[in-house]
Amino acid sequence: MAGGGFAASSGGTEFEAKITPIVIISCILAATGGLMFGYDVGISGGVTSMPDFLKKFFPTVYERTTAPRLKSNYCKYDNQGLQLFTSSLYLAGLTATFFASYTTRRLGRRLTMLIAGFFFVAGVVLNAAAQDLAMLIIGRILLGCGVGFANQAVPLFLSEIAPTRIRGGLNILFQLNVTIGILFANLVNYGTSKIDGWGWRLSLGLAGIPAGLLTLGALLVTDTPNSLIERGHLDEGKVVLKRIRGTENVEPEFLELVEASRIAKQVKHPFKNLLTRRNRPQLIIAVALQIFQQFTGINAIMFYAPVLFDTLGFGGDASLYSAVITGAVNVVSTVVSIYSVDKLGRRMLLLEAGFQMFLSQVVIAIILGIKVSDHSDDLHHGYAIFVVIMVCTFVSAFAWSWGPLGWLIPSETFPLETRSAGQSVTVCVNLLFTFVIAQAFLSMLCHFKYGIFLFFSSWVLVMSVFVFFLVPETKNVPIEEMTERVWKKHWLWKRFMDDDNVDEEFGKDGMKNGIAKGYNPNSQL
Ligand code: BGC
């Protein structure tokens with residue numbers, strides 16, 4: 001697997017880095033954090049459409065599903081408690097991210113992943129053994145804490161350990177695992193729905209597999225050089241850097257990391273620092289990307305695909321089956337992104353996908369608007385297949401763009417001193433809006449009916465315009481050189497990067513010292 005050496009030429013810095021097996025293996029192990037997130041995303045839709053589960057925990061919804069004609073088709077799953085089962089995880093996750101920011105900085109990326117693993121294992125045990133709604137929801141909350149810690153540490157770990165030229169591809173391993181987790185969950189649901197009485201327990205319990213994998217992975221990997229150096233383990237940081245880059249010649253990169261960490265140490269309040277003017281572009285983009293990612297409407301499909309297809313009159317089996325198809329499309333299209341993100345670039349993928357998602361959603365809305373009436377159960381077979389195909393083109397576009405890039409771009413654009421805090425805001429906003437969609441979608445479907453897809457398509461339009469004007473290209477730029485090579489060159493964001501724009505926390509002297517030592521502070525800030 002070892003590739004040739006590499007020198008990043010166009011920005012001044014030349015780092016030699018081979019694609020070493022240890023980098024690939026570490027990234028694969030760490031990325032299993034995504035598996036667990038994906039499994040949790042994917043499992044709830046199928047479980048909440050299982051009669052035995054509904055009978056035990058949500059008897060009123062169960063009665064409604066067996067007497068669908070009493071209520072509009074679009075409304076039969078509209079129940080706040082049921083939505084809370086799905087959404088409580090995200091609420092817990094977003095709270096946990098603030099603790100995770102602290103642990104990622106102070107204890108490192110690796111230990112934070114381990115903490116996530118323990119939360120996951122505890123959550124799985126409670127969920128699989130649930131006797132009442134309380135146990136079920138507490139289990140989901142523990143899983144949510146796991147998601148908060150894992151989604152904080154894993155993308156940072158991957159972006160830091162990867163050589164620049166394949167950073168995008170390696171980072172997307174996280175998202176690939178998310179999609180594999182969702183698919184695995186859909187397959188499990190398909191199988192367990194045939195088991196009478198305790199199928200749902202098996203669905204929730206099998207989350208133990210990804211939980212165990214992450215825990216094991218966190219025990220085996222080494223921490224990133226960035227984090228080791230940031231925590232004062234300079235020698236160990238250098239040894240690890242040599243090992244992962246596959247060369248003795250790591251001095252230039254090592255020095256850049258030491259400088260980045262020196263600046264990082266001067267920042268006493270990372271969250272306050274995040275709000276300073278020179279961090280504004282990264283912050284705005286990170287927050288906007290998360291809100292937009294969720295307002296593509298992807299999780300309406302990922303959480304509720306079986307419920308949605310059932311609403312459209314597919315019947316229980318066909319609904320789960322269709323969810324498996326969309327899950328598979330999600331995985332395959334993510335692989336496309338791994339190959340193209342460092343070649344075509346981030347912007348190209350986002351813009352193309354915006355077009356594709358917009359068209360798919362409008363077509364779905366039109367077919368449903370014309371063909372699904374409130375009280376009849378049948379969407380003509382031909383139309384039903386066409387809807388599934390459109391859902392697939394929508395999912396594939398998301399999977400090579402907003403899915404992975406929503407995580408990649410924030411993890412690579414913040415400077416080291418605000419990277420943990422920035423990532424924690426990223427995860428928090430993501431989970432907040434995931435929560436909003438999870439909690440509101442079934443009610444929105446009930447009220448907007450097919451118009452829900454027009455609602456999401458309008459958002460897709462807005463986000464594409466945002467990308468066109470405001471998201472800069474970051475492919476092939478070393479992670480600690482974003483300011484100089486990206487932000488200072490952007491038509492709008494460069495205004496936030498002026499040299500006078502020094503944070504009170506550094507003091508001007510701090511900056512001058514840096515310059516006196518031949519260090520250009522702008523490459524870090
Ligand atoms: C999103 C999740 C979504 C998943 C679908 C992720 O990037 O953050 O909310 O369920 O992609 O593949």
# chains A, B, ... in the order shown; residues from 1 in each chain; ligands from 1
>>> closest_atom_pairs(of="chain A", to="ligand 1", cutoff="6 Å", atoms="only C-alpha atoms and all ligand atoms", output="tab-separated table")
residue	atom	partner	partner_atom_place_in_ligand_line	distance
A:Val41	CA	ligand 1	10 (O)	5.7
A:Gln175	CA	ligand 1	7 (O)	5.9
A:Val178	CA	ligand 1	12 (O)	6.0
A:Thr179	CA	ligand 1	12 (O)	4.8
A:Asn299	CA	ligand 1	10 (O)	5.1
A:Met302	CA	ligand 1	10 (O)	5.7
A:Gly403	CA	ligand 1	7 (O)	3.7
A:Pro404	CA	ligand 1	7 (O)	5.5
A:Thr434	CA	ligand 1	9 (O)	6.0
>>> residues_around(residues="Thr426 of chain A", least_positions_apart="6", cutoff="10 Å", atoms="only C-alpha atoms", output="list of chain:residue names")
A:Leu94, A:Thr97, A:Asn151, A:Gln152, A:Leu283, A:Ile285, A:Ala286, A:Val287, A:Ala288, A:Leu289, A:Gln290, A:Ile291, A:Gly406, A:Trp407, A:Pro410, A:Ser411, A:Ser420, A:Leu432
>>> residues_around(residues="segment 184-196 of chain A", least_positions_apart="3", cutoff="6 Å", atoms="only C-alpha atoms", output="ChimeraX atom specification")
/A:39,42-43,46,180-181,199,320,324
>>> write_last_selection(atoms="all heavy atoms", output="JSON list (two decimals), in the first residue's frame")
[["chain", "number", "residue", "atom", "x", "y", "z"],
["A", 39, "TYR", "N", -25.69, 3.15, 12.20],
["A", 39, "TYR", "CA", -26.61, 2.10, 12.67],
["A", 39, "TYR", "C", -27.76, 2.72, 13.45],
["A", 39, "TYR", "O", -28.92, 2.37, 13.27],
["A", 39, "TYR", "CB", -25.85, 1.08, 13.54],
["A", 39, "TYR", "CG", -26.65, -0.18, 13.77],
["A", 39, "TYR", "CD1", -26.63, -1.22, 12.84],
["A", 39, "TYR", "CD2", -27.44, -0.33, 14.91],
["A", 39, "TYR", "CE1", -27.37, -2.37, 13.04],
["A", 39, "TYR", "CE2", -28.19, -1.48, 15.12],
["A", 39, "TYR", "CZ", -28.15, -2.49, 14.18],
["A", 39, "TYR", "OH", -28.90, -3.63, 14.38],
["A", 42, "GLY", "N", -30.13, 4.45, 11.08],
["A", 42, "GLY", "CA", -30.91, 3.54, 10.23],
["A", 42, "GLY", "C", -31.88, 2.64, 10.97],
["A", 42, "GLY", "O", -32.89, 2.22, 10.42],
["A", 43, "ILE", "N", -31.58, 2.33, 12.23],
["A", 43, "ILE", "CA", -32.35, 1.27, 12.89],
["A", 43, "ILE", "C", -33.74, 1.74, 13.31],
["A", 43, "ILE", "O", -34.71, 0.98, 13.31],
["A", 43, "ILE", "CB", -31.56, 0.72, 14.12],
["A", 43, "ILE", "CG1", -31.99, -0.71, 14.41],
["A", 43, "ILE", "CG2", -31.73, 1.58, 15.36],
["A", 43, "ILE", "CD1", -31.57, -1.72, 13.41],
["A", 46, "GLY", "N", -37.05, 1.28, 10.85],
["A", 46, "GLY", "CA", -37.59, -0.08, 10.73],
["A", 46, "GLY", "C", -38.24, -0.54, 12.02],
["A", 46, "GLY", "O", -39.32, -1.14, 12.03],
["A", 180, "ILE", "N", -22.57, 2.55, 5.71],
["A", 180, "ILE", "CA", -22.58, 1.09, 5.89],
["A", 180, "ILE", "C", -23.42, 0.75, 7.12],
["A", 180, "ILE", "O", -24.20, -0.20, 7.13],
["A", 180, "ILE", "CB", -21.14, 0.54, 6.03],
["A", 180, "ILE", "CG1", -20.39, 0.70, 4.71],
["A", 180, "ILE", "CG2", -21.16, -0.93, 6.43],
["A", 180, "ILE", "CD1", -18.92, 0.33, 4.78],
["A", 181, "GLY", "N", -23.29, 1.58, 8.16],
["A", 181, "GLY", "CA", -24.08, 1.37, 9.38],
["A", 181, "GLY", "C", -25.58, 1.44, 9.08],
["A", 181, "GLY", "O", -26.37, 0.62, 9.54],
["A", 199, "GLY", "N", -38.14, -9.49, 17.63],
["A", 199, "GLY", "CA", -37.29, -9.06, 16.51],
["A", 199, "GLY", "C", -36.67, -7.70, 16.76],
["A", 199, "GLY", "O", -35.48, -7.48, 16.51],
["A", 320, "LEU", "N", -39.63, -2.17, 3.82],
["A", 320, "LEU", "CA", -38.30, -2.45, 4.37],
["A", 320, "LEU", "C", -37.31, -2.75, 3.25],
["A", 320, "LEU", "O", -36.15, -2.32, 3.28],
["A", 320, "LEU", "CB", -38.36, -3.63, 5.35],
["A", 320, "LEU", "CG", -39.02, -3.30, 6.70],
["A", 320, "LEU", "CD1", -39.32, -4.56, 7.49],
["A", 320, "LEU", "CD2", -38.13, -2.38, 7.52],
["A", 324, "VAL", "N", -33.72, -0.90, 2.09],
["A", 324, "VAL", "CA", -32.44, -1.56, 1.86],
["A", 324, "VAL", "C", -31.83, -1.04, 0.55],
["A", 324, "VAL", "O", -30.63, -0.76, 0.47],
["A", 324, "VAL", "CB", -32.60, -3.10, 1.82],
["A", 324, "VAL", "CG1", -31.33, -3.76, 1.33],
["A", 324, "VAL", "CG2", -33.00, -3.63, 3.18]]
>>> residues_around(residues="Glu480 of chain A", least_positions_apart="2", cutoff="10 Å", atoms="only C-alpha atoms", output="PyMOL selection string")
chain A and resi 160+253+256-257+259-260+412-416+477-478+482-485+522-525
>>> residues_around(residues="segment 453-468 of chain A", least_positions_apart="4", cutoff="10 Å", atoms="only C-alpha atoms", output="PDB file with C-alpha atoms, in the first residue's frame")
ATOM      1  CA  ILE A 285     -19.422  27.906   6.848  1.00  0.00           C
ATOM      2  CA  ALA A 288     -24.319  26.718   7.546  1.00  0.00           C
ATOM      3  CA  LEU A 289     -23.102  23.393   6.140  1.00  0.00           C
ATOM      4  CA  ILE A 291     -28.012  23.260   8.825  1.00  0.00           C
ATOM      5  CA  PHE A 292     -28.090  22.818   5.079  1.00  0.00           C
ATOM      6  CA  GLN A 293     -27.008  19.176   5.283  1.00  0.00           C
ATOM      7  CA  GLN A 294     -30.045  18.383   7.385  1.00  0.00           C
ATOM      8  CA  PHE A 295     -32.382  20.558   5.319  1.00  0.00           C
ATOM      9  CA  THR A 296     -31.610  18.551   2.220  1.00  0.00           C
ATOM     10  CA  GLY A 297     -34.212  16.281   3.803  1.00  0.00           C
ATOM     11  CA  ILE A 298     -31.893  13.258   3.796  1.00  0.00           C
ATOM     12  CA  ALA A 300     -36.592  12.153   6.321  1.00  0.00           C
ATOM     13  CA  ARG A 346     -15.413  19.927  -2.892  1.00  0.00           C
ATOM     14  CA  ARG A 347     -17.260  22.686  -4.735  1.00  0.00           C
ATOM     15  CA  MET A 348     -17.854  20.737  -7.906  1.00  0.00           C
ATOM     16  CA  LEU A 350     -21.665  20.129  -3.942  1.00  0.00           C
ATOM     17  CA  LEU A 351     -22.907  22.076  -6.952  1.00  0.00           C
ATOM     18  CA  GLU A 352     -23.594  19.073  -9.168  1.00  0.00           C
ATOM     19  CA  ALA A 353     -25.416  17.330  -6.342  1.00  0.00           C
ATOM     20  CA  GLY A 354     -27.544  20.394  -5.639  1.00  0.00           C
ATOM     21  CA  PHE A 355     -28.899  20.230  -9.168  1.00  0.00           C
ATOM     22  CA  GLN A 356     -29.565  16.483  -8.979  1.00  0.00           C
ATOM     23  CA  MET A 357     -31.248  16.634  -5.565  1.00  0.00           C
ATOM     24  CA  PHE A 358     -33.468  19.534  -6.587  1.00  0.00           C
ATOM     25  CA  LEU A 359     -34.729  17.724  -9.670  1.00  0.00           C
ATOM     26  CA  SER A 360     -35.344  14.425  -7.847  1.00  0.00           C
ATOM     27  CA  GLN A 361     -37.350  16.072  -5.087  1.00  0.00           C
ATOM     28  CA  VAL A 362     -39.512  18.100  -7.426  1.00  0.00           C
ATOM     29  CA  VAL A 363     -40.322  14.990  -9.470  1.00  0.00           C
ATOM     30  CA  ILE A 364     -41.201  13.011  -6.308  1.00  0.00           C
ATOM     31  CA  ALA A 365     -43.503  15.809  -5.149  1.00  0.00           C
ATOM     32  CA  ILE A 366     -45.260  15.942  -8.496  1.00  0.00           C
ATOM     33  CA  LEU A 368     -47.104  11.993  -5.085  1.00  0.00           C
ATOM     34  CA  LEU A 445     -45.551  14.808   6.428  1.00  0.00           C
ATOM     35  CA  PHE A 448     -47.588  19.254   4.191  1.00  0.00           C
ATOM     36  CA  LYS A 449     -48.226  15.870   2.557  1.00  0.00           C
ATOM     37  CA  PRO A 472     -13.987  28.110  -1.095  1.00  0.00           C
ATOM     38  CA  GLU A 473     -12.164  25.134  -2.560  1.00  0.00           C
TER      39      GLU A 473
END
>>> closest_residue(among="A:Thr60, A:Thr112, A:Pro51, A:Ser88", to="Phe435 of chain A", atoms="only C-alpha atoms")
A:Ser88
>>> atom_distance(atom1="atom CA of Val429 of chain A", atom2="atom CA of Leu143 of chain A")
17.7 Å
>>> select_by_dssp(residues="segment 169-273 of chain A", states="helix (DSSP H, G or I)", output="ChimeraX atom specification")
/A:169-192,199-205,208-220,225-230,234-245,251-266,270-273
>>> residues_around(residues="Leu91 of chain A", least_positions_apart="6", cutoff="12 Å", atoms="only C-alpha atoms", output="number ranges by chain")
A: 84-85, 97, 137-138, 140-148, 427-439
>>> closest_residue(among="A:Gly45, A:Gly139, A:Pro163, A:Gly205", to="Cys27 of chain A", atoms="only C-alpha atoms")
A:Pro163
>>> decode(residues="segment 174-187 of chain A", atoms="all heavy atoms", output="mmCIF file, in the first residue's frame")
data_model
loop_
_atom_site.group_PDB
_atom_site.id
_atom_site.type_symbol
_atom_site.label_atom_id
_atom_site.label_comp_id
_atom_site.auth_asym_id
_atom_site.auth_seq_id
_atom_site.Cartn_x
_atom_site.Cartn_y
_atom_site.Cartn_z
ATOM 1 N N PHE A 174 -15.159 8.040 7.293
ATOM 2 C CA PHE A 174 -16.133 8.216 8.380
ATOM 3 C C PHE A 174 -17.543 8.117 7.814
ATOM 4 O O PHE A 174 -18.372 7.341 8.260
ATOM 5 C CB PHE A 174 -15.921 9.576 9.066
ATOM 6 C CG PHE A 174 -16.982 9.925 10.077
ATOM 7 C CD1 PHE A 174 -17.055 9.256 11.293
ATOM 8 C CD2 PHE A 174 -17.911 10.921 9.813
ATOM 9 C CE1 PHE A 174 -18.038 9.578 12.230
ATOM 10 C CE2 PHE A 174 -18.884 11.245 10.749
ATOM 11 C CZ PHE A 174 -18.950 10.578 11.954
ATOM 12 N N GLN A 175 -17.787 8.920 6.775
ATOM 13 C CA GLN A 175 -19.123 8.921 6.177
ATOM 14 C C GLN A 175 -19.439 7.565 5.543
ATOM 15 O O GLN A 175 -20.573 7.100 5.604
ATOM 16 C CB GLN A 175 -19.214 10.042 5.148
ATOM 17 C CG GLN A 175 -20.533 10.100 4.391
ATOM 18 C CD GLN A 175 -21.704 10.531 5.266
ATOM 19 O OE1 GLN A 175 -21.505 11.018 6.370
ATOM 20 N NE2 GLN A 175 -22.917 10.341 4.785
ATOM 21 N N LEU A 176 -18.394 6.925 4.968
ATOM 22 C CA LEU A 176 -18.648 5.600 4.371
ATOM 23 C C LEU A 176 -19.158 4.654 5.449
ATOM 24 O O LEU A 176 -20.086 3.880 5.244
ATOM 25 C CB LEU A 176 -17.368 5.063 3.732
ATOM 26 C CG LEU A 176 -17.540 3.717 3.022
ATOM 27 C CD1 LEU A 176 -18.460 3.866 1.811
ATOM 28 C CD2 LEU A 176 -16.203 3.138 2.570
ATOM 29 N N ASN A 177 -18.532 4.721 6.615
ATOM 30 C CA ASN A 177 -18.986 3.878 7.713
ATOM 31 C C ASN A 177 -20.392 4.252 8.177
ATOM 32 O O ASN A 177 -21.166 3.390 8.569
ATOM 33 C CB ASN A 177 -18.023 3.962 8.890
ATOM 34 C CG ASN A 177 -16.884 2.986 8.720
ATOM 35 O OD1 ASN A 177 -16.967 1.858 9.162
ATOM 36 N ND2 ASN A 177 -15.841 3.394 8.046
ATOM 37 N N VAL A 178 -20.700 5.538 8.135
ATOM 38 C CA VAL A 178 -22.070 5.952 8.494
ATOM 39 C C VAL A 178 -23.050 5.247 7.556
ATOM 40 O O VAL A 178 -24.045 4.645 7.983
ATOM 41 C CB VAL A 178 -22.250 7.489 8.389
ATOM 42 C CG1 VAL A 178 -23.713 7.877 8.615
ATOM 43 C CG2 VAL A 178 -21.358 8.209 9.386
ATOM 44 N N THR A 179 -22.740 5.288 6.258
ATOM 45 C CA THR A 179 -23.682 4.700 5.301
ATOM 46 C C THR A 179 -23.733 3.176 5.420
ATOM 47 O O THR A 179 -24.797 2.580 5.287
ATOM 48 C CB THR A 179 -23.329 5.090 3.845
ATOM 49 O OG1 THR A 179 -22.014 4.619 3.559
ATOM 50 C CG2 THR A 179 -23.371 6.581 3.644
ATOM 51 N N ILE A 180 -22.575 2.551 5.705
ATOM 52 C CA ILE A 180 -22.584 1.091 5.893
ATOM 53 C C ILE A 180 -23.423 0.753 7.124
ATOM 54 O O ILE A 180 -24.203 -0.199 7.133
ATOM 55 C CB ILE A 180 -21.144 0.540 6.034
ATOM 56 C CG1 ILE A 180 -20.391 0.704 4.713
ATOM 57 C CG2 ILE A 180 -21.165 -0.931 6.435
ATOM 58 C CD1 ILE A 180 -18.921 0.327 4.778
ATOM 59 N N GLY A 181 -23.292 1.579 8.165
ATOM 60 C CA GLY A 181 -24.082 1.370 9.381
ATOM 61 C C GLY A 181 -25.577 1.444 9.083
ATOM 62 O O GLY A 181 -26.369 0.620 9.540
ATOM 63 N N ILE A 182 -25.965 2.420 8.262
ATOM 64 C CA ILE A 182 -27.385 2.572 7.924
ATOM 65 C C ILE A 182 -27.864 1.345 7.131
ATOM 66 O O ILE A 182 -28.922 0.768 7.414
ATOM 67 C CB ILE A 182 -27.622 3.857 7.091
ATOM 68 C CG1 ILE A 182 -27.283 5.104 7.914
ATOM 69 C CG2 ILE A 182 -29.068 3.929 6.606
ATOM 70 C CD1 ILE A 182 -27.381 6.428 7.154
ATOM 71 N N LEU A 183 -27.049 0.941 6.161
ATOM 72 C CA LEU A 183 -27.439 -0.213 5.339
ATOM 73 C C LEU A 183 -27.554 -1.473 6.189
ATOM 74 O O LEU A 183 -28.520 -2.243 6.089
ATOM 75 C CB LEU A 183 -26.412 -0.420 4.218
ATOM 76 C CG LEU A 183 -26.643 -1.648 3.336
ATOM 77 C CD1 LEU A 183 -27.976 -1.566 2.605
ATOM 78 C CD2 LEU A 183 -25.512 -1.810 2.317
ATOM 79 N N PHE A 184 -26.559 -1.685 7.030
ATOM 80 C CA PHE A 184 -26.549 -2.845 7.926
ATOM 81 C C PHE A 184 -27.833 -2.834 8.773
ATOM 82 O O PHE A 184 -28.519 -3.855 8.904
ATOM 83 C CB PHE A 184 -25.280 -2.753 8.789
ATOM 84 C CG PHE A 184 -25.112 -3.845 9.815
ATOM 85 C CD1 PHE A 184 -25.354 -5.177 9.516
ATOM 86 C CD2 PHE A 184 -24.684 -3.525 11.106
ATOM 87 C CE1 PHE A 184 -25.187 -6.167 10.473
ATOM 88 C CE2 PHE A 184 -24.510 -4.501 12.072
ATOM 89 C CZ PHE A 184 -24.765 -5.833 11.754
ATOM 90 N N ALA A 185 -28.187 -1.662 9.282
ATOM 91 C CA ALA A 185 -29.397 -1.549 10.103
ATOM 92 C C ALA A 185 -30.642 -1.893 9.289
ATOM 93 O O ALA A 185 -31.533 -2.618 9.755
ATOM 94 C CB ALA A 185 -29.513 -0.137 10.670
ATOM 95 N N ASN A 186 -30.678 -1.414 8.050
ATOM 96 C CA ASN A 186 -31.843 -1.717 7.208
ATOM 97 C C ASN A 186 -31.949 -3.213 6.929
ATOM 98 O O ASN A 186 -33.037 -3.785 6.941
ATOM 99 C CB ASN A 186 -31.759 -0.963 5.874
ATOM 100 C CG ASN A 186 -32.039 0.518 6.052
ATOM 101 O OD1 ASN A 186 -32.728 0.921 6.980
ATOM 102 N ND2 ASN A 186 -31.492 1.342 5.181
ATOM 103 N N LEU A 187 -30.792 -3.856 6.671
ATOM 104 C CA LEU A 187 -30.801 -5.298 6.414
ATOM 105 C C LEU A 187 -31.253 -6.056 7.652
ATOM 106 O O LEU A 187 -32.049 -6.989 7.579
ATOM 107 C CB LEU A 187 -29.389 -5.757 6.007
ATOM 108 C CG LEU A 187 -28.982 -5.403 4.583
ATOM 109 C CD1 LEU A 187 -27.492 -5.642 4.382
ATOM 110 C CD2 LEU A 187 -29.791 -6.235 3.579
#
